[in-house]
file entry-v1.cif (mmCIF, C-alpha atoms)
data_query
loop_
_atom_site.label_atom_id
_atom_site.label_comp_id
_atom_site.auth_asym_id
_atom_site.auth_seq_id
_atom_site.Cartn_x
_atom_site.Cartn_y
_atom_site.Cartn_z
CA MET A 1 74.73 121.33 80.88
CA ALA A 2 77.23 119.23 78.96
CA ASN A 3 80.10 120.36 81.19
CA SER A 4 78.06 119.62 84.31
CA ALA A 5 77.20 116.14 83.06
CA LEU A 6 80.87 115.50 82.21
CA GLN A 7 81.92 116.61 85.68
CA ASP A 8 79.32 114.34 87.27
CA THR A 9 80.68 111.44 85.22
CA ARG A 10 84.22 112.28 86.25
CA ALA A 11 83.20 112.59 89.90
CA TRP A 12 81.63 109.12 89.76
CA GLY A 13 84.82 107.77 88.23
CA VAL A 14 86.89 109.46 90.95
CA PHE A 15 84.64 107.90 93.59
CA LEU A 16 85.08 104.40 92.17
CA VAL A 17 88.88 104.71 92.00
CA PHE A 18 89.12 105.99 95.57
CA LEU A 19 86.59 103.43 96.78
CA ARG A 20 88.92 100.66 95.64
CA LEU A 21 91.79 102.38 97.41
CA GLY A 22 89.66 102.87 100.51
CA LEU A 23 88.99 99.13 100.60
CA THR A 24 92.60 98.03 100.09
CA SER A 25 94.92 100.80 101.39
CA PHE A 26 96.27 99.36 104.62
CA GLY A 27 99.40 100.57 106.36
CA GLY A 28 98.82 104.16 107.47
CA PRO A 29 99.33 107.58 105.84
CA VAL A 30 102.79 106.93 104.38
CA ALA A 31 101.58 103.75 102.72
CA HIS A 32 98.53 105.65 101.44
CA LEU A 33 100.83 108.10 99.67
CA GLY A 34 102.53 105.10 98.10
CA TYR A 35 99.23 103.69 96.89
CA PHE A 36 98.27 107.11 95.48
CA HIS A 37 101.60 107.38 93.69
CA ALA A 38 101.19 103.96 92.10
CA GLU A 39 97.60 104.68 91.04
CA PHE A 40 97.64 108.30 89.94
CA VAL A 41 101.24 108.95 88.87
CA ALA A 42 102.52 105.62 87.59
CA ARG A 43 99.30 104.02 86.31
CA ARG A 44 96.76 106.72 85.43
CA ARG A 45 99.20 109.62 84.90
CA TRP A 46 96.81 112.20 86.31
CA LEU A 47 99.88 114.26 87.24
CA SER A 48 103.67 114.10 87.02
CA GLU A 49 106.16 112.98 89.65
CA ARG A 50 107.13 116.58 90.39
CA ALA A 51 103.56 117.86 90.60
CA TYR A 52 102.67 114.96 92.92
CA ALA A 53 105.66 115.71 95.15
CA ASP A 54 104.68 119.40 95.26
CA LEU A 55 101.17 118.39 96.29
CA VAL A 56 102.48 116.08 99.02
CA ALA A 57 104.76 118.87 100.24
CA LEU A 58 101.82 121.27 100.57
CA CYS A 59 99.75 118.73 102.49
CA GLN A 60 102.68 117.97 104.79
CA PHE A 61 102.71 121.67 105.71
CA LEU A 62 98.97 121.79 106.43
CA PRO A 63 97.46 120.46 109.66
CA GLY A 64 95.29 117.38 109.35
CA PRO A 65 95.64 113.97 107.65
CA ALA A 66 98.10 114.48 104.78
CA SER A 67 97.07 111.42 102.76
CA SER A 68 93.38 112.37 102.87
CA GLN A 69 94.23 115.93 101.87
CA VAL A 70 96.26 114.67 98.91
CA GLY A 71 93.26 112.56 97.92
CA MET A 72 90.90 115.55 98.15
CA ALA A 73 93.29 117.64 96.04
CA LEU A 74 93.49 114.90 93.40
CA GLY A 75 89.71 114.69 93.27
CA LEU A 76 89.45 118.48 93.10
CA SER A 77 91.87 118.59 90.17
CA ARG A 78 89.92 115.90 88.32
CA ALA A 79 86.29 116.90 88.82
CA GLY A 80 86.09 120.09 90.87
CA TYR A 81 84.36 120.25 94.24
CA ALA A 82 82.26 117.18 93.42
CA GLY A 83 85.49 115.30 92.71
CA ALA A 84 86.98 116.35 96.05
CA LEU A 85 83.87 115.08 97.84
CA ALA A 86 83.90 111.87 95.78
CA ALA A 87 87.57 111.21 96.56
CA TRP A 88 87.00 111.79 100.27
CA ALA A 89 83.88 109.62 100.37
CA GLY A 90 85.43 106.74 98.44
CA PHE A 91 88.61 106.68 100.49
CA THR A 92 87.01 107.33 103.88
CA LEU A 93 83.60 105.66 104.07
CA PRO A 94 84.70 101.98 103.96
CA SER A 95 86.69 102.25 107.18
CA ALA A 96 84.21 104.67 108.76
CA ILE A 97 81.30 102.30 108.15
CA ALA A 98 83.31 99.37 109.47
CA LEU A 99 84.15 101.26 112.66
CA VAL A 100 80.55 102.37 113.22
CA LEU A 101 79.46 98.75 112.85
CA PHE A 102 82.13 97.72 115.32
CA ALA A 103 80.92 100.39 117.75
CA LEU A 104 77.39 99.11 117.45
CA GLY A 105 78.51 95.56 118.14
CA ILE A 106 77.29 94.17 114.78
CA ALA A 107 80.75 93.14 113.56
CA HIS A 108 84.05 92.70 115.40
CA PHE A 109 86.67 93.30 112.76
CA GLY A 110 89.61 92.65 115.03
CA GLN A 111 88.35 89.10 115.60
CA ALA A 112 87.07 88.56 112.07
CA LEU A 113 90.55 88.81 110.57
CA ALA A 114 92.39 85.51 110.48
CA PRO A 115 95.42 85.36 112.78
CA GLY A 116 98.41 86.78 110.96
CA ALA A 117 96.38 88.51 108.23
CA LEU A 118 96.77 91.93 109.85
CA HIS A 119 100.51 91.39 110.08
CA GLY A 120 100.57 90.45 106.39
CA LEU A 121 98.92 93.79 105.63
CA LYS A 122 101.68 95.56 107.54
CA VAL A 123 104.29 93.68 105.50
CA VAL A 124 102.77 94.71 102.17
CA ALA A 125 102.92 98.34 103.33
CA VAL A 126 106.73 97.97 103.39
CA ALA A 127 106.72 97.07 99.68
CA VAL A 128 104.27 99.84 98.76
CA VAL A 129 106.25 102.55 100.54
CA ALA A 130 109.58 101.23 99.21
CA GLN A 131 108.25 101.40 95.64
CA ALA A 132 107.06 104.98 96.12
CA VAL A 133 110.37 106.03 97.70
CA TRP A 134 112.37 104.50 94.85
CA ASN A 135 110.28 106.10 92.10
CA MET A 136 110.19 109.53 93.72
CA ALA A 137 113.92 109.47 94.56
CA ARG A 138 114.82 108.68 90.95
CA SER A 139 112.84 111.71 89.78
CA LEU A 140 113.44 114.24 92.55
CA CYS A 141 116.92 113.46 93.95
CA THR A 142 118.94 113.75 90.77
CA ASP A 143 122.23 115.26 92.02
CA ALA A 144 124.51 115.25 95.04
CA ARG A 145 122.92 118.31 96.68
CA ARG A 146 119.40 116.95 96.46
CA ILE A 147 120.57 113.57 97.74
CA GLY A 148 122.29 115.36 100.61
CA ILE A 149 119.05 117.15 101.54
CA MET A 150 117.19 113.84 101.34
CA VAL A 151 119.67 112.07 103.63
CA ALA A 152 119.72 114.95 106.11
CA ALA A 153 115.90 115.04 106.22
CA ALA A 154 115.70 111.28 106.77
CA CYS A 155 118.26 111.40 109.60
CA ALA A 156 116.52 114.35 111.26
CA ALA A 157 113.14 112.60 111.10
CA ILE A 158 114.60 109.41 112.58
CA PHE A 159 116.41 111.16 115.45
CA LEU A 160 113.54 113.61 116.11
CA PRO A 161 110.33 111.54 115.83
CA TYR A 162 107.98 114.41 116.70
CA ALA A 163 105.19 116.04 114.72
CA TRP A 164 106.80 119.49 114.87
CA ALA A 165 110.08 118.09 113.53
CA GLN A 166 108.43 117.18 110.21
CA VAL A 167 107.38 120.78 109.61
CA ALA A 168 110.78 122.05 110.77
CA VAL A 169 112.56 119.73 108.33
CA LEU A 170 110.48 121.04 105.42
CA VAL A 171 111.15 124.67 106.41
CA VAL A 172 114.91 124.05 106.60
CA ALA A 173 114.81 122.20 103.27
CA CYS A 174 112.97 125.15 101.73
CA VAL A 175 115.77 127.51 102.79
CA ALA A 176 118.44 125.01 101.73
CA GLY A 177 116.82 124.71 98.31
CA MET A 178 116.87 128.48 97.78
CA LEU A 179 120.49 128.76 98.91
CA CYS A 180 122.04 125.60 97.48
CA LEU A 181 119.93 124.89 94.41
CA SER A 182 119.47 128.42 93.10
CA GLN A 183 122.01 127.86 90.33
CA ALA A 184 120.49 124.54 89.28
CA ARG A 185 118.76 124.29 85.92
CA GLN A 186 115.16 125.33 86.38
CA VAL A 187 112.51 122.93 85.19
CA LEU A 188 109.41 123.89 83.27
CA HIS A 189 106.40 124.65 85.42
CA GLU A 190 104.04 121.69 85.60
CA PRO A 191 100.64 123.14 86.56
CA LEU A 192 98.22 121.49 88.93
CA PRO A 193 94.84 121.64 87.15
CA MET A 194 92.83 123.14 90.02
CA GLY A 195 89.40 124.63 89.35
CA VAL A 196 89.63 127.00 92.33
CA GLY A 197 90.37 130.70 91.92
CA ARG A 198 92.26 132.87 94.39
CA ARG A 199 89.08 134.66 95.49
CA ALA A 200 87.37 131.34 96.23
CA GLY A 201 90.52 130.11 97.98
CA ALA A 202 90.56 133.18 100.22
CA ALA A 203 86.89 132.57 101.05
CA TRP A 204 87.57 128.94 102.04
CA LEU A 205 90.50 130.00 104.26
CA ALA A 206 88.37 132.70 105.86
CA LEU A 207 85.62 130.17 106.57
CA PHE A 208 88.21 127.86 108.16
CA GLY A 209 89.29 130.65 110.51
CA VAL A 210 85.75 131.74 111.31
CA LEU A 211 84.71 128.20 112.27
CA LEU A 212 87.86 127.62 114.32
CA ALA A 213 87.26 130.78 116.34
CA GLY A 214 83.47 130.80 116.23
CA LEU A 215 82.51 127.23 117.11
CA PRO A 216 83.80 127.42 120.74
CA LEU A 217 81.88 130.69 121.22
CA ALA A 218 78.74 129.22 119.68
CA ALA A 219 79.00 126.11 121.86
CA ALA A 220 79.31 128.33 124.95
CA VAL A 221 76.43 130.65 124.02
CA PHE A 222 74.07 127.93 122.74
CA PRO A 223 74.55 124.85 124.94
CA SER A 224 74.06 121.83 122.71
CA HIS A 225 75.69 118.42 122.83
CA ALA A 226 75.79 118.22 119.03
CA LEU A 227 77.39 121.66 118.74
CA ALA A 228 79.95 120.77 121.42
CA LEU A 229 80.83 117.64 119.46
CA VAL A 230 81.29 119.56 116.21
CA ASP A 231 83.50 122.08 118.03
CA ALA A 232 85.68 119.37 119.64
CA PHE A 233 86.20 117.31 116.48
CA TYR A 234 86.62 120.34 114.19
CA ARG A 235 89.31 121.68 116.53
CA ALA A 236 91.07 118.31 116.60
CA GLY A 237 91.15 118.21 112.79
CA SER A 238 92.40 121.80 112.60
CA LEU A 239 95.31 121.79 115.01
CA VAL A 240 97.06 118.46 114.52
CA PHE A 241 100.24 117.95 112.51
CA GLY A 242 101.58 114.47 111.91
CA GLY A 243 98.53 112.39 111.04
CA GLY A 244 96.14 110.06 112.78
CA HIS A 245 98.28 108.77 115.64
CA VAL A 246 98.98 112.33 116.79
CA VAL A 247 95.28 113.20 116.97
CA LEU A 248 94.52 110.34 119.38
CA PRO A 249 95.66 112.09 122.60
CA LEU A 250 93.66 115.17 121.57
CA LEU A 251 90.53 113.12 120.97
CA GLN A 252 91.01 111.21 124.21
CA ALA A 253 91.24 114.49 126.12
CA GLU A 254 88.07 115.73 124.42
CA VAL A 255 85.77 112.71 124.82
CA VAL A 256 86.92 110.74 127.88
CA PRO A 257 87.07 113.33 130.75
CA PRO A 258 83.55 114.71 130.02
CA GLY A 259 82.22 111.14 130.07
CA TRP A 260 81.18 111.13 126.42
CA VAL A 261 83.07 107.86 125.79
CA ASP A 262 84.42 105.36 128.33
CA ASN A 263 88.22 105.01 128.25
CA ASP A 264 88.07 101.22 127.76
CA ILE A 265 85.76 101.69 124.78
CA PHE A 266 88.14 104.36 123.44
CA LEU A 267 91.08 101.95 123.58
CA ALA A 268 89.06 99.10 122.03
CA GLY A 269 88.09 101.35 119.14
CA TYR A 270 91.69 102.41 118.64
CA GLY A 271 92.66 98.75 118.33
CA ALA A 272 89.89 98.16 115.78
CA ALA A 273 91.01 101.21 113.78
CA GLN A 274 94.36 99.49 113.16
CA ALA A 275 92.60 96.61 111.39
CA VAL A 276 90.72 98.62 108.77
CA PRO A 277 92.07 100.32 105.62
CA GLY A 278 91.90 104.03 104.91
CA PRO A 279 92.74 107.03 107.11
CA LEU A 280 93.02 106.69 110.89
CA PHE A 281 90.95 109.87 111.29
CA THR A 282 87.90 107.67 110.65
CA PHE A 283 88.33 106.71 114.30
CA ALA A 284 86.11 109.76 114.82
CA ALA A 285 83.20 107.76 113.38
CA PHE A 286 83.73 105.07 116.02
CA LEU A 287 83.76 107.67 118.80
CA GLY A 288 80.64 109.38 117.47
CA ALA A 289 78.79 106.07 117.32
CA SER A 290 79.91 105.20 120.87
CA LEU A 291 78.79 108.43 122.52
CA GLN A 292 76.70 108.43 125.68
CA GLY A 293 73.41 110.18 125.01
CA HIS A 294 72.26 111.78 121.76
CA PRO A 295 73.53 111.97 119.07
CA SER A 296 75.17 108.58 118.86
CA GLY A 297 75.04 105.57 116.55
CA TRP A 298 75.02 106.36 112.84
CA VAL A 299 74.07 110.02 113.34
CA GLY A 300 76.82 110.63 115.90
CA GLY A 301 79.37 108.72 113.83
CA MET A 302 78.72 110.65 110.64
CA LEU A 303 78.53 114.00 112.49
CA CYS A 304 81.94 113.51 114.14
CA LEU A 305 83.43 112.15 110.92
CA ALA A 306 82.32 115.22 108.93
CA ALA A 307 83.50 117.60 111.67
CA ILE A 308 87.03 116.20 111.87
CA PHE A 309 87.55 116.16 108.08
CA LEU A 310 85.93 119.53 107.30
CA PRO A 311 89.08 121.55 108.17
CA SER A 312 91.10 119.42 105.73
CA PHE A 313 88.81 120.31 102.83
CA LEU A 314 88.73 124.01 103.72
CA LEU A 315 92.53 124.19 103.99
CA VAL A 316 93.18 122.26 100.77
CA ALA A 317 90.65 124.22 98.70
CA GLY A 318 91.90 127.47 100.23
CA ALA A 319 95.63 126.89 99.92
CA LEU A 320 95.84 125.29 96.46
CA PRO A 321 95.30 128.40 94.28
CA PHE A 322 97.94 130.36 96.24
CA TRP A 323 100.31 127.37 96.23
CA GLU A 324 99.90 127.04 92.46
CA THR A 325 100.83 130.71 91.97
CA LEU A 326 103.72 130.55 94.44
CA ARG A 327 105.38 127.51 92.88
CA ARG A 328 105.70 129.12 89.42
CA GLY A 329 108.65 131.42 90.19
CA ALA A 330 112.30 130.45 89.72
CA ARG A 331 113.18 130.89 93.41
CA ALA A 332 110.04 129.02 94.39
CA GLN A 333 111.10 126.15 92.14
CA SER A 334 114.51 126.08 93.84
CA ALA A 335 112.80 126.04 97.24
CA LEU A 336 110.42 123.30 96.09
CA ALA A 337 113.36 121.25 94.79
CA GLY A 338 114.73 121.26 98.33
CA ILE A 339 111.33 120.53 99.85
CA ASN A 340 110.70 117.64 97.45
CA ALA A 341 114.06 116.08 98.28
CA ALA A 342 113.15 116.42 101.97
CA VAL A 343 109.76 114.80 101.34
CA VAL A 344 111.59 111.78 99.92
CA GLY A 345 113.78 111.80 103.04
CA LEU A 346 110.73 111.87 105.30
CA LEU A 347 109.32 108.90 103.39
CA VAL A 348 112.64 107.06 103.82
CA ALA A 349 112.48 107.71 107.57
CA ALA A 350 108.87 106.52 107.73
CA LEU A 351 109.80 103.44 105.69
CA TYR A 352 112.20 102.54 108.48
CA HIS A 353 109.93 103.55 111.37
CA PRO A 354 107.12 102.75 111.83
CA VAL A 355 106.54 100.81 108.58
CA TRP A 356 109.59 98.48 108.66
CA THR A 357 110.00 98.18 112.43
CA SER A 358 106.37 97.20 112.96
CA ALA A 359 106.25 94.67 110.11
CA ILE A 360 109.62 92.95 109.55
CA LEU A 361 110.02 90.89 112.70
CA ARG A 362 111.43 87.62 111.31
CA PRO A 363 113.04 86.26 108.12
CA GLN A 364 109.68 85.15 106.72
CA ASP A 365 108.42 88.74 106.89
CA PHE A 366 111.44 89.97 104.96
CA ALA A 367 110.93 87.30 102.29
CA LEU A 368 107.23 88.18 101.97
CA ALA A 369 108.08 91.90 101.65
CA LEU A 370 110.60 91.13 98.89
CA LEU A 371 108.01 89.05 97.06
CA ALA A 372 105.45 91.85 97.35
CA LEU A 373 107.99 94.40 96.09
CA ALA A 374 108.86 92.25 93.07
CA SER A 375 105.15 91.73 92.38
CA LEU A 376 104.62 95.50 92.28
CA MET A 377 107.76 96.66 90.50
CA VAL A 378 108.79 93.75 88.26
CA TRP A 379 105.66 91.76 87.50
CA ARG A 380 103.40 94.84 87.67
CA LEU A 381 100.59 93.08 89.52
CA PRO A 382 97.66 95.25 90.71
CA ALA A 383 98.18 96.66 94.19
CA TRP A 384 94.87 95.24 95.47
CA LEU A 385 95.93 91.74 94.41
CA VAL A 386 99.29 92.09 96.17
CA VAL A 387 97.51 93.33 99.31
CA ALA A 388 95.12 90.36 99.29
CA GLY A 389 97.97 87.93 98.64
CA CYS A 390 100.05 89.26 101.53
CA ALA A 391 97.08 89.07 103.91
CA ALA A 392 96.55 85.43 102.90
CA ALA A 393 100.27 84.69 103.19
CA GLY A 394 100.37 86.27 106.64
CA ALA A 395 97.48 84.06 107.77
CA LEU A 396 99.24 80.98 106.39
CA LEU A 397 102.51 81.84 108.10
CA ALA A 398 100.67 82.27 111.40
CA ALA A 399 98.84 78.96 110.95
CA PHE A 400 102.03 77.07 110.06
CA PRO A 401 104.89 78.76 111.89
CA ALA A 402 108.40 77.67 111.04
#
call {"tool": "encode", "arguments": {"input": "entry-v1.cif", "output": "structure tokens"}}
result
Amino acid sequence: MANSALQDTRAWGVFLVFLRLGLTSFGGPVAHLGYFHAEFVARRRWLSERAYADLVALCQFLPGPASSQVGMALGLSRAGYAGALAAWAGFTLPSAIALVLFALGIAHFGQALAPGALHGLKVVAVAVVAQAVWNMARSLCTDARRIGIMVAAACAAIFLPYAWAQVAVLVVACVAGMLCLSQARQVLHEPLPMGVGRRAGAAWLALFGVLLAGLPLAAAVFPSHALALVDAFYRAGSLVFGGGHVVLPLLQAEVVPPGWVDNDIFLAGYGAAQAVPGPLFTFAAFLGASLQGHPSGWVGGMLCLAAIFLPSFLLVAGALPFWETLRRGARAQSALAGINAAVVGLLVAALYHPVWTSAILRPQDFALALLALASLMVWRLPAWLVVAGCAAAGALLAAFPA
């Protein structure tokens, strides 16, 4: 009873931390990883730099939204399954609720933001990602070989901006780590405190496969609009590498041709999704709320939201116990050293495009990004305060252009 009560308390604490991040984490999945790094590695010290990088590497390998999966894993490590649910809910529900409201016509978030405020939020993402890259590079790229892997990964990601290239880079870095870093001094194993055993992990992975194969059959045998929706959104969440922007064509192909959602409404919702914090996969809530027929509204939004994120939970809970065992060995640590250096390289590439290229358009943007970076790294201001300040500064710059 005491352990259960303690876990409930921890789960509530996890929810509150992720709720604040869900309300303030603008900038897309790479920026989200930067916010997580600042909150859970630098500030709260829930895990070390190396353990965090290993976790990011695993989630980069898995299909689905990497930042949300990292959040679920952090919640799982802190408070078990309740913590994973709390982390997902806190980080996801703010943007999902906002998009359902937009779909219902109650609030128009794209118009509610002051001109320039959205651009200010893009600028602050540059500072957040730059801080994460700097801190992770100092810890994980400590010699010439690791720096070489980092640079090669960054160049490959820039010249090959495709979802498959990210996975290919990590595979090559894994091999390079085993070949080139095998003689490097091995570090002590830093365990990820996961309350999931290998038997439970195998069960979660089996359930993932059963649903992926079984839902299309069930939708064909038992014609039901709700079941067809669950099948479509579960499949989209299961088969996509590269994050939210990559899932959009899949979702468009699923909901527009059958007439479930009008294409103009689809595009309007995609625009609104850019103006809210949190993961872009919450666009599923907008689509569910905009459906023709039943279910729609709140029921449709929450059904589609749960369906698209369910594969992420099953994969994270299933893969973590095997990942934790795999990363203990000496050769696995060499491979992970290469993968972690490549992860830093992928973040460097993402810092350039799309984070930098979409935000730094004029000298004022560069100055604001420098100010935000100094606020985070030198003056140690809270991330939420820096985010709010950059949004206000962006609105001011738009109101009084040079």
call {"tool": "resolve_selection", "arguments": {"input": "entry-v1.cif", "expression": "the PyMOL selection byres ((chain A and resi 310) around 12)", "output": "number ranges by chain"}}
result
A: 63-65, 68-69, 72, 84-85, 88, 204-205, 207-208, 211-212, 230-231, 233-238, 281, 302-309, 311-317
call {"tool": "residues_around", "arguments": {"input": "entry-v1.cif", "residues": "Ala38 in chain A", "least_positions_apart": "4", "cutoff": "10 Å", "atoms": "all atoms listed in the file", "output": "PyMOL selection string"}}
result
chain A and resi 32-34+42-45+128-129+131-132+135+376-377+382-383
call {"tool": "closest_residue", "arguments": {"input": "entry-v1.cif", "among": "A:Ala226, A:Val386, A:Ala275, A:Leu287", "to": "Val255 in chain A", "atoms": "only C-alpha atoms"}}
result
A:Leu287
call {"tool": "closest_residue", "arguments": {"input": "entry-v1.cif", "among": "A:Val261, A:Ala153, A:Leu320, A:Ala200", "to": "Val70 in chain A", "atoms": "only C-alpha atoms"}}
result
A:Leu320
call {"tool": "atom_distance", "arguments": {"input": "entry-v1.cif", "atom1": "CA of Leu370 in chain A", "atom2": "CA of Trp356 in chain A"}}
result
12.3 Å
call {"tool": "residues_around", "arguments": {"input": "entry-v1.cif", "residues": "range 344-352 of chain A", "least_positions_apart": "2", "cutoff": "7 Å", "atoms": "all atoms listed in the file", "output": "NGL selection string"}}
result
:A and (30 or 126 or 129-130 or 133 or 136-137 or 150-151 or 153-154 or 157-158 or 340-342 or 354-357)
call {"tool": "closest_residue", "arguments": {"input": "entry-v1.cif", "among": "A:Trp323, A:Ala127, A:Val175, A:Val276", "to": "Leu371 in chain A", "atoms": "all atoms listed in the file"}}
result
A:Ala127
